[in-house]
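*Asks:* Could you have a look at this structure, given as structure tokens, before my questions?
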Amino acid sequence: MFIKELTKKYDGKTVVDAVSFEIPKGKVISLIGPNGAGKSTVMGIISRLIVRDTGLVNFEGKDVAKWKSKELSKRLAILTQSNNIQMKLTVRELVGFGRFPYSGGRITQEDEKIIDKAIAYMELQEFEDRFIDELSGGQRQRAYIAMVIAQDTEYVLLDEPTNNLDIYHATNMMKIVRRLCDELGKTVVLVLHEINYAAFYSDYICAFVDGKIAKFGTVKEVMTKENLSEIYQVDFEIQEIAGKPLSIYY
């Protein structure tokens, strides 16, 4: 997948400004940057939740806008920040939504097997008959990830998956993100504010400032104190182990 010259304006203000980059397959790519830098807007454009003004999102050789929704949803899944479903659903029913592109709402025996695997992968068996609104924040996030796993797409887009989670659940969420890539072969693109998580769990970093890409590259290339100080306008220090950032602070 590659993105070329994306632009988006709201009320005359440019929030995404000629953004171009390629998403490496089978890797974890984190979009970072200050508030209002354009990260979530770019994510929304890639997933077609937001209509771009100009530019191209090339997905598997075709403009993402020209994909039929059903076919695209078999290849690309997104979990947004506002994923709170108001319906009274059990964990299993929620995870079953991931099979909708295939089943159209009529769950087959094969779908049930895939749902079972997704629930087991996220270690949610003991919660599968409980309602979503009865779960803790961490358990609920795991249930949503299980739904994404059941959708069985190669590309997974996660907009701030650690938002509103305590450090224990946020760290576990990032471990899950890493497993989606390493064990299931997914290409994972996520928006993150916590740059320590981005540094430790990502393969590539795309840093935004004022709607433009400030830096793009491997973690080692991007996560330097000079680059981060330039991106966030704060003086940073970095501790490393085996050449990988372990702790970033200011």
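By convention here, the chains of the structure tokens are called A, B, ... in the order presented, each chain's residues are numbered starting at 1, and ligands are numbered starting at 1 in the order presented.
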Could you give me, as number ranges by chain, the residues within 7 Å of region 183-195 of chain A, counting only C-alpha atoms and dropping anything in the same chain fewer than 3 positions from it?
*Replies:* A: 25-32, 39-40, 154-160, 179-180, 198-199
*Asks:* Please produce a file of the residues just selected, as a PDB file, in the first residue's frame, where the atoms kept are C-alpha atoms.
*Replies:*
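Contents of the output file part.pdb:
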ATOM      1  CA  LYS A  25       3.926  -5.275   4.421  1.00  0.00           C
ATOM      2  CA  GLY A  26       4.103  -7.520   7.458  1.00  0.00           C
ATOM      3  CA  LYS A  27       5.408  -4.772   9.764  1.00  0.00           C
ATOM      4  CA  VAL A  28       4.177  -2.526  12.579  1.00  0.00           C
ATOM      5  CA  ILE A  29       4.093   1.132  11.536  1.00  0.00           C
ATOM      6  CA  SER A  30       3.303   3.824  14.105  1.00  0.00           C
ATOM      7  CA  LEU A  31       2.048   7.292  13.218  1.00  0.00           C
ATOM      8  CA  ILE A  32       3.240   9.766  15.839  1.00  0.00           C
ATOM      9  CA  LYS A  39      -2.236  11.382  12.131  1.00  0.00           C
ATOM     10  CA  SER A  40      -5.822  10.236  12.713  1.00  0.00           C
ATOM     11  CA  GLU A 154      -4.035  -8.669   6.166  1.00  0.00           C
ATOM     12  CA  TYR A 155      -4.065  -4.981   7.119  1.00  0.00           C
ATOM     13  CA  VAL A 156      -5.127  -3.816  10.582  1.00  0.00           C
ATOM     14  CA  LEU A 157      -5.472  -0.096  11.379  1.00  0.00           C
ATOM     15  CA  LEU A 158      -5.675   0.914  15.051  1.00  0.00           C
ATOM     16  CA  ASP A 159      -6.336   4.517  16.077  1.00  0.00           C
ATOM     17  CA  GLU A 160      -4.857   5.056  19.566  1.00  0.00           C
ATOM     18  CA  ARG A 179       1.885 -10.625  18.087  1.00  0.00           C
ATOM     19  CA  LEU A 180      -0.604  -9.710  15.350  1.00  0.00           C
ATOM     20  CA  ALA A 198       6.002   3.439  19.428  1.00  0.00           C
ATOM     21  CA  ALA A 199       9.768   3.104  19.832  1.00  0.00           C
TER      22      ALA A 199
END
*Asks:* I'd like the contact shell of Pro161 (chain A) - 9 Å cut-off, only C-alpha atoms, skipping same-chain residues fewer than 4 positions apart - returned as an MDAnalysis selection string.
*Replies:* chainID A and resid 79:81 141 165 170 173:174 190:192
*Asks:* What would the file look like if the residues just selected were written as a PDB file, in the first residue's frame with N, CA and C atoms?
*Replies:*
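Produced file again04.pdb, reproduced below:
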ATOM      1  N   LEU A  79      -9.951  -0.155  13.675  1.00  0.00           N
ATOM      2  CA  LEU A  79     -10.538   0.029  14.996  1.00  0.00           C
ATOM      3  C   LEU A  79     -10.288   1.482  15.385  1.00  0.00           C
ATOM      4  N   THR A  80     -11.362   2.260  15.476  1.00  0.00           N
ATOM      5  CA  THR A  80     -11.224   3.683  15.753  1.00  0.00           C
ATOM      6  C   THR A  80     -11.233   3.940  17.257  1.00  0.00           C
ATOM      7  N   GLN A  81     -10.990   5.199  17.628  1.00  0.00           N
ATOM      8  CA  GLN A  81     -11.064   5.576  19.047  1.00  0.00           C
ATOM      9  C   GLN A  81     -12.495   5.451  19.565  1.00  0.00           C
ATOM     10  N   GLN A 141     -11.073  -3.791  25.243  1.00  0.00           N
ATOM     11  CA  GLN A 141     -10.161  -3.586  24.118  1.00  0.00           C
ATOM     12  C   GLN A 141      -9.749  -4.914  23.505  1.00  0.00           C
ATOM     13  N   LEU A 165      -6.297   3.482  28.674  1.00  0.00           N
ATOM     14  CA  LEU A 165      -5.883   2.270  29.368  1.00  0.00           C
ATOM     15  C   LEU A 165      -4.775   2.603  30.364  1.00  0.00           C
ATOM     16  N   ALA A 170      -2.250  -1.078  28.763  1.00  0.00           N
ATOM     17  CA  ALA A 170      -1.675  -0.473  27.560  1.00  0.00           C
ATOM     18  C   ALA A 170      -0.471  -1.278  27.078  1.00  0.00           C
ATOM     19  N   MET A 173      -1.672  -4.388  25.504  1.00  0.00           N
ATOM     20  CA  MET A 173      -2.222  -4.105  24.188  1.00  0.00           C
ATOM     21  C   MET A 173      -1.109  -4.012  23.139  1.00  0.00           C
ATOM     22  N   MET A 174      -0.009  -3.380  23.489  1.00  0.00           N
ATOM     23  CA  MET A 174       1.099  -3.260  22.540  1.00  0.00           C
ATOM     24  C   MET A 174       1.765  -4.612  22.286  1.00  0.00           C
ATOM     25  N   LEU A 190      -0.763   1.947  13.296  1.00  0.00           N
ATOM     26  CA  LEU A 190      -1.453   2.497  14.453  1.00  0.00           C
ATOM     27  C   LEU A 190      -1.036   3.925  14.735  1.00  0.00           C
ATOM     28  N   VAL A 191      -1.996   4.681  15.241  1.00  0.00           N
ATOM     29  CA  VAL A 191      -1.749   6.032  15.723  1.00  0.00           C
ATOM     30  C   VAL A 191      -1.439   5.931  17.209  1.00  0.00           C
ATOM     31  N   LEU A 192      -0.314   6.530  17.618  1.00  0.00           N
ATOM     32  CA  LEU A 192       0.082   6.474  19.029  1.00  0.00           C
ATOM     33  C   LEU A 192       0.525   7.843  19.512  1.00  0.00           C
TER      34      LEU A 192
END
*Asks:* Once DSSP has gone over the backbone, tell me which residues of region 12-227 of chain A are in strand (DSSP E or B), as a ChimeraX atom specification.
*Replies:* /A:13-22,28-32,54-59,62-63,76-79,90,131,155-159,187-191,204-209,212-218
*Asks:* Would you mind telling me which residue in A:Leu72, A:Leu124, A:Ile78, A:Lys13 lies nearest to Leu49 (chain A) when using only C-alpha atoms?
*Replies:*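 The answer is A:Ile78, which sits nearest to Leu49 (chain A).
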*Asks:* Near Val16 (chain A), within 6 Å and counting only C-alpha atoms, which residues show up once chain neighbours fewer than 6 positions away are dropped, as a list in words?
*Replies:*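 The contact residues come out as Thr7, Lys8, Gly38 and Gly211 of chain A.
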*Asks:* Take the residues from that selection and put them in a file with N, CA and C atoms, as an mmCIF file, in the first residue's frame.
*Replies:*
data_model
loop_
_atom_site.group_PDB
_atom_site.id
_atom_site.type_symbol
_atom_site.label_atom_id
_atom_site.label_comp_id
_atom_site.auth_asym_id
_atom_site.auth_seq_id
_atom_site.Cartn_x
_atom_site.Cartn_y
_atom_site.Cartn_z
ATOM 1 N N THR A 7 -4.185 15.243 0.543
ATOM 2 C CA THR A 7 -4.501 16.521 1.177
ATOM 3 C C THR A 7 -5.930 16.479 1.716
ATOM 4 N N LYS A 8 -6.130 17.227 2.793
ATOM 5 C CA LYS A 8 -7.458 17.361 3.380
ATOM 6 C C LYS A 8 -7.551 18.697 4.076
ATOM 7 N N GLY A 38 -2.335 15.594 12.205
ATOM 8 C CA GLY A 38 -2.927 14.978 11.021
ATOM 9 C C GLY A 38 -2.900 13.456 11.016
ATOM 10 N N GLY A 211 0.392 18.579 9.730
ATOM 11 C CA GLY A 211 -0.208 17.978 8.547
ATOM 12 C C GLY A 211 0.765 17.416 7.536
#
*Asks:* Using CA of Ile46 (chain A) and CA of Val64 (chain A) as the two end points, give the distance in Å to one decimal.
*Replies:* 7.6 Å
*Asks:* Out of region 67-203 of chain A, which residues get alpha helix (DSSP H) from DSSP, as a VMD selection string?
*Replies:* chain A and resid 69 to 72 91 to 96 100 to 103 109 to 121 137 to 151 167 to 182 195 to 201
*Asks:* Which distance in Å separates CA of Thr90 (chain A) and CA of Cys181 (chain A), to one decimal?
*Replies:*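 About the pair CA of Thr90 (chain A) and CA of Cys181 (chain A): they are 26.9 Å apart.
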*Asks:* Near region 97-114 of chain A, counting only C-alpha atoms, which residues have an atom at most 9 Å away, once you skip same-chain residues fewer than 3 positions from it, shown as an MDAnalysis selection string?
*Replies:* chainID A and resid 69:74 92:94 117:119 146:152
